[in-house]
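Asker: Dropping in run.tsv, which is TSV, C-alpha atoms:
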```
chain	number	residue	atom	x	y	z
O	1	MET	CA	0.00	0.00	0.00
O	2	SER	CA	1.44	3.36	-0.95
O	3	LEU	CA	1.70	6.12	1.59
O	4	SER	CA	-0.99	8.24	-0.03
O	5	ALA	CA	-3.40	5.29	-0.19
O	6	LEU	CA	-2.72	4.67	3.49
O	7	ALA	CA	-3.49	8.29	4.33
O	8	GLN	CA	-6.85	7.97	2.58
O	9	HIS	CA	-7.95	4.97	4.63
O	10	PRO	CA	-11.17	5.71	6.59
O	11	ALA	CA	-9.37	4.88	9.82
O	12	VAL	CA	-7.18	7.95	9.32
O	13	SER	CA	-10.06	10.40	9.37
O	14	ILE	CA	-11.53	8.61	12.40
O	15	ALA	CA	-8.18	8.93	14.19
O	16	ILE	CA	-7.87	12.62	13.26
O	17	THR	CA	-11.40	13.27	14.52
O	18	LEU	CA	-10.76	11.46	17.81
O	19	LEU	CA	-7.53	13.38	18.34
O	20	SER	CA	-9.12	16.71	17.51
O	21	TYR	CA	-12.02	15.97	19.87
O	22	ALA	CA	-9.69	14.95	22.70
O	23	LEU	CA	-7.79	18.24	22.34
O	24	ALA	CA	-11.08	20.17	22.18
O	25	VAL	CA	-12.23	18.61	25.47
O	26	ARG	CA	-8.92	19.62	27.10
O	27	LEU	CA	-9.29	23.17	25.78
O	28	HIS	CA	-12.87	23.32	27.04
O	29	GLN	CA	-11.74	22.18	30.49
O	30	ARG	CA	-9.25	25.02	30.69
O	31	TRP	CA	-11.33	27.74	28.96
O	32	ARG	CA	-15.01	27.03	29.60
O	33	SER	CA	-16.16	29.57	27.02
O	34	ILE	CA	-14.75	27.58	24.07
O	35	PRO	CA	-17.47	25.19	22.84
O	36	PRO	CA	-15.97	21.70	22.23
O	37	ILE	CA	-17.75	21.33	18.88
O	38	VAL	CA	-16.08	24.48	17.50
O	39	ALA	CA	-12.65	23.58	18.86
O	40	ALA	CA	-12.96	20.05	17.45
O	41	CYS	CA	-14.08	21.06	13.95
O	42	LEU	CA	-11.83	24.03	13.15
O	43	PRO	CA	-8.50	22.10	13.08
O	44	ILE	CA	-10.07	19.43	10.84
O	45	ILE	CA	-11.49	22.00	8.43
O	46	ALA	CA	-8.15	23.83	8.38
O	47	MET	CA	-6.32	20.58	7.63
O	48	LEU	CA	-8.69	19.56	4.82
O	49	LEU	CA	-8.36	23.00	3.21
O	50	LEU	CA	-4.58	22.98	3.61
O	51	PHE	CA	-4.13	19.57	1.95
O	52	HIS	CA	-6.88	20.18	-0.65
O	53	GLU	CA	-8.74	17.10	0.56
O	54	PRO	CA	-12.42	17.05	-0.40
O	55	TYR	CA	-14.91	16.75	2.46
O	56	ALA	CA	-16.41	13.64	0.84
O	57	ARG	CA	-13.15	11.72	1.28
O	58	TYR	CA	-12.78	12.73	4.92
O	59	ASN	CA	-16.38	11.68	5.47
O	60	LEU	CA	-15.70	8.10	4.32
O	61	GLY	CA	-14.31	7.58	7.81
O	62	GLY	CA	-16.48	10.24	9.41
O	63	ASN	CA	-19.59	8.29	8.43
O	64	TYR	CA	-18.73	5.58	10.95
O	65	LEU	CA	-18.87	8.10	13.80
O	66	THR	CA	-22.09	9.60	12.40
O	67	TRP	CA	-23.65	6.13	12.39
O	68	LEU	CA	-23.11	5.92	16.16
O	69	LEU	CA	-25.60	8.79	16.60
O	70	GLY	CA	-28.29	6.11	16.09
O	71	PRO	CA	-27.35	4.01	19.13
O	72	ALA	CA	-26.75	7.28	21.06
O	73	THR	CA	-30.34	8.31	20.31
O	74	VAL	CA	-31.54	4.98	21.69
O	75	GLY	CA	-29.40	5.69	24.77
O	76	LEU	CA	-31.46	8.83	25.46
O	77	ALA	CA	-34.12	6.45	26.80
O	78	VAL	CA	-31.91	5.88	29.87
O	79	PRO	CA	-32.08	9.41	31.34
O	80	MET	CA	-35.67	9.69	30.14
O	81	TYR	CA	-36.65	6.53	32.01
O	82	ARG	CA	-34.66	7.43	35.13
O	83	ASN	CA	-36.01	10.99	35.34
O	84	GLY	CA	-39.49	9.88	34.33
O	85	LYS	CA	-39.60	7.67	37.42
O	86	ILE	CA	-38.67	10.63	39.64
O	87	LEU	CA	-41.30	12.90	38.06
O	88	ARG	CA	-44.09	10.28	37.99
O	89	ARG	CA	-47.23	12.24	38.82
O	90	SER	CA	-46.47	15.43	36.94
O	91	LEU	CA	-45.51	13.44	33.83
O	92	PRO	CA	-48.83	13.64	31.89
O	93	THR	CA	-49.01	17.43	32.38
O	94	LEU	CA	-45.33	17.81	31.51
O	95	ALA	CA	-45.82	15.72	28.38
O	96	LEU	CA	-48.67	17.99	27.26
O	97	ILE	CA	-46.59	21.12	27.86
O	98	VAL	CA	-43.59	19.75	25.99
O	99	LEU	CA	-45.84	18.62	23.11
O	100	ILE	CA	-47.31	22.10	22.71
O	101	GLY	CA	-43.83	23.64	23.02
O	102	SER	CA	-42.55	21.33	20.28
O	103	ILE	CA	-45.42	22.23	17.94
O	104	VAL	CA	-44.79	25.95	18.51
O	105	GLY	CA	-41.05	25.41	17.90
O	106	MET	CA	-41.53	23.64	14.58
O	107	ILE	CA	-44.11	26.10	13.26
O	108	THR	CA	-42.26	29.27	14.29
O	109	ALA	CA	-38.85	28.02	13.05
O	110	GLY	CA	-40.11	26.79	9.68
O	111	GLY	CA	-42.64	29.61	9.36
O	112	THR	CA	-40.17	32.44	9.95
O	113	ALA	CA	-37.68	31.02	7.44
O	114	TRP	CA	-40.48	30.50	4.90
O	115	LEU	CA	-41.87	34.03	5.35
O	116	LEU	CA	-38.40	35.45	4.74
O	117	GLY	CA	-38.23	33.62	1.44
O	118	ALA	CA	-35.85	30.78	2.26
O	119	PRO	CA	-35.95	27.82	-0.17
O	120	LEU	CA	-37.76	24.68	1.02
O	121	PRO	CA	-34.65	22.68	2.05
O	122	VAL	CA	-33.55	25.56	4.31
O	123	VAL	CA	-37.08	25.86	5.78
O	124	MET	CA	-37.07	22.12	6.50
O	125	SER	CA	-33.61	22.36	8.06
O	126	ALA	CA	-34.95	24.92	10.54
O	127	VAL	CA	-38.00	22.90	11.61
O	128	PRO	CA	-36.23	20.47	14.02
O	129	LYS	CA	-33.83	23.04	15.46
O	130	SER	CA	-35.01	22.76	19.10
O	131	VAL	CA	-34.26	19.08	19.62
O	132	THR	CA	-31.12	17.16	20.46
O	133	THR	CA	-28.66	16.85	17.55
O	134	PRO	CA	-28.98	13.14	16.62
O	135	ILE	CA	-32.78	13.35	16.45
O	136	ALA	CA	-32.71	16.73	14.70
O	137	ILE	CA	-30.45	15.28	11.98
O	138	GLU	CA	-32.77	12.34	11.38
O	139	VAL	CA	-35.86	14.57	11.28
O	140	CYS	CA	-34.08	16.98	8.92
O	141	ARG	CA	-33.23	14.12	6.54
O	142	GLU	CA	-36.81	12.86	6.66
O	143	LEU	CA	-38.09	16.30	5.67
O	144	GLY	CA	-35.51	16.79	2.92
O	145	GLY	CA	-33.48	19.45	4.74
O	146	ILE	CA	-29.73	20.03	4.86
O	147	PRO	CA	-28.24	18.30	7.96
O	148	GLN	CA	-25.34	20.75	8.29
O	149	ILE	CA	-27.68	23.74	8.59
O	150	THR	CA	-29.76	21.90	11.16
O	151	ILE	CA	-26.66	21.10	13.21
O	152	ALA	CA	-25.55	24.74	13.20
O	153	LEU	CA	-29.05	25.86	14.29
O	154	VAL	CA	-29.30	23.17	16.96
O	155	ILE	CA	-25.96	24.13	18.46
O	156	LEU	CA	-26.88	27.84	18.45
O	157	ALA	CA	-30.31	27.09	19.98
O	158	GLY	CA	-28.50	25.22	22.74
O	159	VAL	CA	-25.83	27.82	23.44
O	160	LEU	CA	-28.15	30.86	23.20
O	161	GLY	CA	-30.88	29.16	25.24
O	162	ALA	CA	-28.42	28.18	27.95
O	163	SER	CA	-27.21	31.75	28.39
O	164	PHE	CA	-30.29	33.87	27.60
O	165	GLY	CA	-33.04	31.41	28.55
O	166	PRO	CA	-32.94	31.83	32.33
O	167	PRO	CA	-33.01	35.68	32.23
O	168	LEU	CA	-35.83	35.61	29.64
O	169	LEU	CA	-37.86	33.27	31.85
O	170	ARG	CA	-37.22	35.47	34.89
O	171	LEU	CA	-38.46	38.46	32.87
O	172	ALA	CA	-41.68	36.54	32.16
O	173	ARG	CA	-41.95	35.85	35.93
O	174	ILE	CA	-41.55	32.12	35.53
O	175	HIS	CA	-40.01	30.89	38.79
O	176	ASP	CA	-41.38	27.36	39.16
O	177	ASP	CA	-38.44	24.92	38.92
O	178	ARG	CA	-40.34	22.47	36.78
O	179	ALA	CA	-41.59	25.17	34.40
O	180	ILE	CA	-38.02	26.44	33.94
O	181	GLY	CA	-36.73	22.90	33.35
O	182	ALA	CA	-39.48	22.17	30.82
O	183	ALA	CA	-38.82	25.42	28.92
O	184	ILE	CA	-35.04	24.98	28.72
O	185	GLY	CA	-35.20	21.27	27.85
O	186	THR	CA	-37.79	21.79	25.11
O	187	ALA	CA	-36.04	24.81	23.57
O	188	SER	CA	-32.35	24.07	24.15
O	189	HIS	CA	-31.98	20.25	24.51
O	190	GLY	CA	-28.78	18.86	26.07
O	191	VAL	CA	-26.75	22.05	26.05
O	192	GLY	CA	-29.45	23.89	27.99
O	193	THR	CA	-29.94	20.95	30.34
O	194	ALA	CA	-26.23	20.82	31.14
O	195	SER	CA	-26.30	24.49	32.11
O	196	LEU	CA	-29.05	23.82	34.67
O	197	VAL	CA	-27.18	21.07	36.51
O	198	HIS	CA	-25.37	23.60	38.71
O	199	ARG	CA	-28.48	25.67	39.37
O	200	SER	CA	-31.13	23.23	40.55
O	201	GLU	CA	-31.49	19.46	40.74
O	202	MET	CA	-35.21	19.68	39.93
O	203	GLN	CA	-34.71	21.97	36.92
O	204	ALA	CA	-32.10	19.62	35.47
O	205	THR	CA	-34.24	16.52	36.03
O	206	VAL	CA	-37.27	18.04	34.28
O	207	SER	CA	-35.10	19.52	31.53
O	208	SER	CA	-33.44	16.20	30.79
O	209	TRP	CA	-36.82	14.47	30.51
O	210	ALA	CA	-38.28	17.32	28.43
O	211	MET	CA	-35.35	17.21	26.01
O	212	ALA	CA	-35.88	13.51	25.22
O	213	ALA	CA	-39.66	13.92	25.06
O	214	ALA	CA	-39.35	16.91	22.72
O	215	GLY	CA	-37.16	14.77	20.45
O	216	VAL	CA	-39.76	12.00	20.31
O	217	PHE	CA	-42.70	14.40	19.81
O	218	THR	CA	-40.89	16.36	17.10
O	219	SER	CA	-40.15	13.14	15.17
O	220	LEU	CA	-43.78	12.04	15.39
O	221	LEU	CA	-45.02	15.50	14.35
O	222	ALA	CA	-42.52	15.57	11.47
O	223	ALA	CA	-43.90	12.24	10.25
O	224	LEU	CA	-47.37	13.83	10.22
O	225	LEU	CA	-46.01	16.90	8.43
O	226	LYS	CA	-44.41	14.68	5.80
O	227	LEU	CA	-47.69	12.85	5.18
O	228	PHE	CA	-49.42	16.21	4.88
O	229	LEU	CA	-46.86	17.53	2.37
O	230	HIS	CA	-47.24	14.56	0.04
I	1	MET	CA	-15.15	-6.73	34.11
I	2	ARG	CA	-16.00	-3.17	33.13
I	3	TRP	CA	-15.21	-3.73	29.44
I	4	ILE	CA	-17.70	-6.57	29.12
I	5	GLU	CA	-20.35	-4.30	30.62
I	6	TYR	CA	-19.60	-1.55	28.08
I	7	LEU	CA	-19.64	-4.01	25.19
I	8	SER	CA	-22.86	-5.78	26.13
I	9	GLY	CA	-24.50	-2.39	26.69
I	10	ALA	CA	-23.31	-1.31	23.23
I	11	ALA	CA	-24.71	-4.51	21.71
I	12	ILE	CA	-28.13	-3.88	23.29
I	13	LEU	CA	-28.25	-0.23	22.13
I	14	ALA	CA	-27.11	-1.17	18.62
I	15	ALA	CA	-29.69	-3.97	18.46
I	16	PHE	CA	-32.53	-1.57	19.34
I	17	PHE	CA	-31.24	0.97	16.83
I	18	LEU	CA	-31.06	-1.66	14.07
I	19	LEU	CA	-34.56	-2.85	14.93
I	20	GLY	CA	-35.78	0.75	14.67
I	21	ALA	CA	-33.91	1.31	11.40
I	22	PHE	CA	-35.39	-1.92	10.01
I	23	LEU	CA	-38.94	-0.89	10.92
I	24	HIS	CA	-38.27	2.55	9.42
I	25	GLU	CA	-37.15	0.94	6.18
I	26	ARG	CA	-40.33	-1.14	6.19
I	27	GLY	CA	-42.38	2.06	6.09
I	28	VAL	CA	-42.83	3.33	9.65
I	29	PRO	CA	-42.52	7.10	9.10
I	30	VAL	CA	-40.55	7.79	12.33
I	31	PRO	CA	-36.69	7.91	12.19
I	32	GLY	CA	-34.97	4.64	13.13
I	33	GLY	CA	-33.11	6.05	16.13
I	34	VAL	CA	-36.30	7.46	17.63
I	35	LEU	CA	-38.19	4.19	17.02
I	36	GLY	CA	-35.31	2.42	18.75
I	37	LEU	CA	-35.56	4.91	21.64
I	38	MET	CA	-39.29	4.30	22.03
I	39	LEU	CA	-38.97	0.50	21.89
I	40	PHE	CA	-36.06	0.65	24.32
I	41	TYR	CA	-38.05	2.85	26.72
I	42	LEU	CA	-40.85	0.27	26.62
I	43	ALA	CA	-38.35	-2.52	27.27
I	44	LEU	CA	-37.01	-0.63	30.31
I	45	THR	CA	-40.53	0.10	31.58
I	46	CYS	CA	-41.73	-3.50	31.36
I	47	GLY	CA	-38.46	-4.79	32.83
I	48	ALA	CA	-37.30	-6.79	29.80
I	49	ILE	CA	-34.05	-4.81	29.91
I	50	LYS	CA	-32.44	-3.88	33.23
I	51	LEU	CA	-31.16	-0.32	33.58
I	52	LYS	CA	-27.80	-1.52	34.92
I	53	TRP	CA	-27.08	-3.50	31.72
I	54	VAL	CA	-26.96	-0.34	29.63
I	55	GLU	CA	-26.31	2.52	32.07
I	56	ARG	CA	-22.56	2.74	31.51
I	57	THR	CA	-22.63	2.55	27.71
I	58	ALA	CA	-25.50	5.01	27.40
I	59	GLY	CA	-23.72	7.39	29.77
I	60	LEU	CA	-20.53	7.17	27.72
I	61	LEU	CA	-22.30	7.77	24.41
I	62	LEU	CA	-24.32	10.71	25.76
I	63	ARG	CA	-21.31	12.27	27.48
I	64	HIS	CA	-19.28	12.20	24.28
I	65	MET	CA	-22.10	12.82	21.85
I	66	VAL	CA	-20.29	15.93	20.56
I	67	LEU	CA	-17.63	13.65	19.03
I	68	LEU	CA	-20.31	11.89	17.01
I	69	PHE	CA	-21.49	15.00	15.24
I	70	VAL	CA	-18.05	16.39	14.46
I	71	PRO	CA	-17.89	14.78	10.96
I	72	LEU	CA	-21.25	16.26	9.89
I	73	THR	CA	-20.37	19.67	11.34
I	74	VAL	CA	-17.09	19.70	9.40
I	75	GLY	CA	-19.36	19.56	6.33
I	76	LEU	CA	-20.33	23.18	7.08
I	77	MET	CA	-17.09	24.07	5.22
I	78	GLU	CA	-18.96	23.38	1.97
I	79	MET	CA	-22.07	25.31	3.02
I	80	GLY	CA	-20.58	28.80	2.74
I	81	PRO	CA	-22.69	30.06	-0.22
I	82	ILE	CA	-26.08	28.84	1.05
I	83	LEU	CA	-25.35	30.07	4.59
I	84	SER	CA	-24.43	33.56	3.41
I	85	HIS	CA	-27.43	33.81	1.06
I	86	GLN	CA	-29.87	32.66	3.71
I	87	ALA	CA	-28.19	34.24	6.73
I	88	LEU	CA	-31.12	36.55	7.55
I	89	ALA	CA	-33.81	33.86	7.24
I	90	ILE	CA	-31.77	31.38	9.27
I	91	THR	CA	-30.88	33.80	12.06
I	92	ALA	CA	-34.39	35.23	12.34
I	93	SER	CA	-35.93	31.75	12.38
I	94	LEU	CA	-33.55	30.71	15.16
I	95	LEU	CA	-34.19	33.73	17.40
I	96	VAL	CA	-37.96	33.94	16.90
I	97	SER	CA	-38.47	30.24	17.43
I	98	LEU	CA	-36.13	30.00	20.42
I	99	ALA	CA	-37.99	32.76	22.28
I	100	ALA	CA	-41.39	31.36	21.24
I	101	VAL	CA	-40.66	27.82	22.49
I	102	MET	CA	-39.08	29.06	25.70
I	103	LEU	CA	-41.98	31.38	26.60
I	104	THR	CA	-44.81	29.05	25.53
I	105	THR	CA	-43.39	26.12	27.48
I	106	GLY	CA	-42.42	28.24	30.48
I	107	LEU	CA	-45.76	30.06	30.71
I	108	LEU	CA	-47.75	26.83	30.30
I	109	GLY	CA	-45.55	25.34	33.01
I	110	ARG	CA	-46.13	28.30	35.32
I	111	TRP	CA	-49.86	27.95	34.77
I	112	LEU	CA	-50.25	24.15	34.99
I	113	LEU	CA	-47.44	22.72	37.08
I	114	PRO	CA	-47.54	24.39	40.53
I	115	ALA	CA	-51.16	23.22	40.94
I	116	LEU	CA	-49.94	19.64	41.12
I	117	PRO	CA	-49.86	18.45	44.73
I	118	ASP	CA	-46.40	16.89	44.78
I	119	ALA	CA	-44.51	19.98	43.60
I	120	ALA	CA	-42.54	20.38	46.83
I	121	LYS	CA	-42.18	16.70	47.59
I	122	GLU	CA	-40.44	15.70	44.41
I	123	ALA	CA	-37.39	17.93	44.65
I	124	PRO	CA	-35.69	16.29	47.67
I	125	GLU	CA	-36.53	12.90	46.22
I	126	ALA	CA	-34.78	13.86	43.02
I	127	GLU	CA	-31.68	14.80	44.96
I	128	ALA	CA	-31.65	11.53	46.86
I	129	LYS	CA	-31.71	9.56	43.62
I	130	ARG	CA	-28.53	11.05	42.21
```
Can you turn what I pasted into structure tokens?
Answerer:
Amino acid sequence: MSLSALAQHPAVSIAITLLSYALAVRLHQRWRSIPPIVAACLPIIAMLLLFHEPYARYNLGGNYLTWLLGPATVGLAVPMYRNGKILRRSLPTLALIVLIGSIVGMITAGGTAWLLGAPLPVVMSAVPKSVTTPIAIEVCRELGGIPQITIALVILAGVLGASFGPPLLRLARIHDDRAIGAAIGTASHGVGTASLVHRSEMQATVSSWAMAAAGVFTSLLAALLKLFLH
Amino acid sequence: MRWIEYLSGAAILAAFFLLGAFLHERGVPVPGGVLGLMLFYLALTCGAIKLKWVERTAGLLLRHMVLLFVPLTVGLMEMGPILSHQALAITASLLVSLAAVMLTTGLLGRWLLPALPDAAKEAPEAEAKR
């Protein structure tokens, strides 16, 4: 095997991604304000541009990591089940609230993009932007969107919701721990949930459940939307 | 034998995902991962799968989920033109929808949740569980 053929083996891009991610986690531990996803992607993009490697070739290996998002989605059932047991009696009400929140999220995200004249694939990429990345990607693909745009929106929804969500909720005089948890989990998925862990146990528990529930509801609603579009 | 635990957990999660993906291919309109999640949740609820069989693997995958969407995010490097053309629509959609979801869910929560009798009782219980 020649050296250049070796460098194009899928294992190489997996190794590069793992290394870049490991460094990004270290950086994030030292400087909390650097999001790991940004720190992990920039060196890879820089390298691909520098060596004139097309993204498609890098993604031959990258695809293996992307595939693991499927099992990771299944794994979301674990916190959902654990927190669901804690929340027991408020669960039906919470489910209703998260369902309505998810409907509002899909309509406002898609609707705003559509009103501003975005083409259909961009509109569809915006629709699942409130839910956790692996589910958002699958929903985006179902609807014929562009996964990369969805990912960027999902990450921004998480980061912005984590920092501006709590003050916005305070402004609206929402002080109930479970209401705050439901709002952050439905709007800002895992990133928002992680930001609540240091604030309140109850907020984080509700948020973690709401995030998984919002993912499930959004997928079911997207299936309905797809039927309606055809 | 921590490794065995991780591997058997991974096998269970992968099996549920593949089952979901199979059903999706057979025409169920919900994404395979989400179908897998729902089936897996049912399996946990009815006790067919014990939480401790999968806890470690699921924790590992969820903790390092960012790694799994690095390859797709790198693809943004080819999205320059569409992102710059649609920047306004994308940004507006994000901000409007984020605020709308947050306020709808929060206000509904403020209205409906405190009326439930166990509001105060659940918090200490939640702490004890962790």
Asker: Would you kindly identify which residues have an atom no farther than 7 Å from (-22.7, 13.7, 15.1), using all atoms listed in the file and the file's own coordinates, and write them out as JSON, numbers by chain?
Answerer: {"O": [65, 66, 69, 134], "I": [65, 66, 67, 68, 69, 70, 71, 72]}
Asker: Would you export the selected residues with C-alpha atoms as a PDB file, keeping the file's coordinate frame, please?
Answerer:
```pdb
ATOM      1  CA  LEU O  65     -18.870   8.100  13.800  1.00  0.00           C
ATOM      2  CA  THR O  66     -22.090   9.600  12.400  1.00  0.00           C
ATOM      3  CA  LEU O  69     -25.600   8.790  16.600  1.00  0.00           C
ATOM      4  CA  PRO O 134     -28.980  13.140  16.620  1.00  0.00           C
TER       5      PRO O 134
ATOM      6  CA  MET I  65     -22.100  12.820  21.850  1.00  0.00           C
ATOM      7  CA  VAL I  66     -20.290  15.930  20.560  1.00  0.00           C
ATOM      8  CA  LEU I  67     -17.630  13.650  19.030  1.00  0.00           C
ATOM      9  CA  LEU I  68     -20.310  11.890  17.010  1.00  0.00           C
ATOM     10  CA  PHE I  69     -21.490  15.000  15.240  1.00  0.00           C
ATOM     11  CA  VAL I  70     -18.050  16.390  14.460  1.00  0.00           C
ATOM     12  CA  PRO I  71     -17.890  14.780  10.960  1.00  0.00           C
ATOM     13  CA  LEU I  72     -21.250  16.260   9.890  1.00  0.00           C
TER      14      LEU I  72
END
```
Asker: Which chain I residues are at most 6 Å from chain O (counting all atoms listed in the file), as a list of chain:residue names?
Answerer: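 Result: I:Leu13, I:Ala14, I:Phe17, I:Pro29, I:Val30, I:Pro31, I:Gly33, I:Gly36, I:Leu37, I:Tyr41, I:Ala58, I:Leu61, I:Leu68, I:Pro71, I:Thr73, I:Val74, I:Leu76, I:Ala89, I:Ser93, I:Ser97, I:Val101, I:Met102, I:Thr105, I:Gly106, I:Gly109, I:Arg110, I:Ala123.
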Asker: Using all atoms listed in the file, find the one residue out of I:Ala87, I:Lys52, I:Leu44, I:Gly75 that sits nearest to Gly84 (chain O).
Answerer: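 Checking each candidate against Gly84 (chain O), we get I:Leu44 as the closest.
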Asker: Smallest atom-to-atom distance to Leu91 (chain O): which of O:Ala194, O:Val12, O:Val206, O:Leu225, using all atoms listed in the file?
Answerer: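 Of O:Ala194, O:Val12, O:Val206, O:Leu225, the one nearest Leu91 (chain O), counting all atoms listed in the file, is O:Val206.
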Asker: Take CA of His189 (chain O) and CA of Ser163 (chain O) and report the distance between them in Å, one decimal.
Answerer: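 Going from CA of His189 (chain O) over to CA of Ser163 (chain O), I get 13.0 Å.
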Asker: Quick check, in Å to one decimal: how far apart do CA of Phe51 (chain O) and CA of Ile155 (chain O) lie?
Answerer: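 Between these atoms lies a distance of 27.7 Å.
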Asker: In terms of the shortest atom-to-atom distance over only C-alpha atoms, which of I:Val54, I:Leu23, I:Leu35, I:Ala48 is closest to Glu5 (chain I)?
Answerer: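 Of the candidates, the smallest distance to Glu5 (chain I) is held by I:Val54.
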Asker: For a test of reading the model, state the distance in Å between CA of His85 (chain I) and CA of Gly192 (chain O), rounded to one decimal.
Answerer: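 CA of His85 (chain I) sits 28.8 Å away from CA of Gly192 (chain O).
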Asker: Restricting the calculation to all atoms listed in the file: of O:Leu196, O:Ala95, O:Leu171, O:Met211, which residue gets closest to Leu108 (chain I)?
Answerer: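 Of all the options, O:Ala95 lies closest to Leu108 (chain I).
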Asker: Given the choices O:Ala214, O:Ala162, O:Val191, O:Met47, which gets closest to Pro128 (chain O) if the distance is worked out from all atoms listed in the file?
Answerer: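 Closest residue, counting all atoms listed in the file: O:Ala214.
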Asker: Under the rule that only C-alpha atoms are counted, which of O:Pro121, O:Ala210, O:Thr132, O:Val159 is the nearest residue to Leu94 (chain I)?
Answerer: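 That would be O:Val159, the residue with the smallest distance to Leu94 (chain I).
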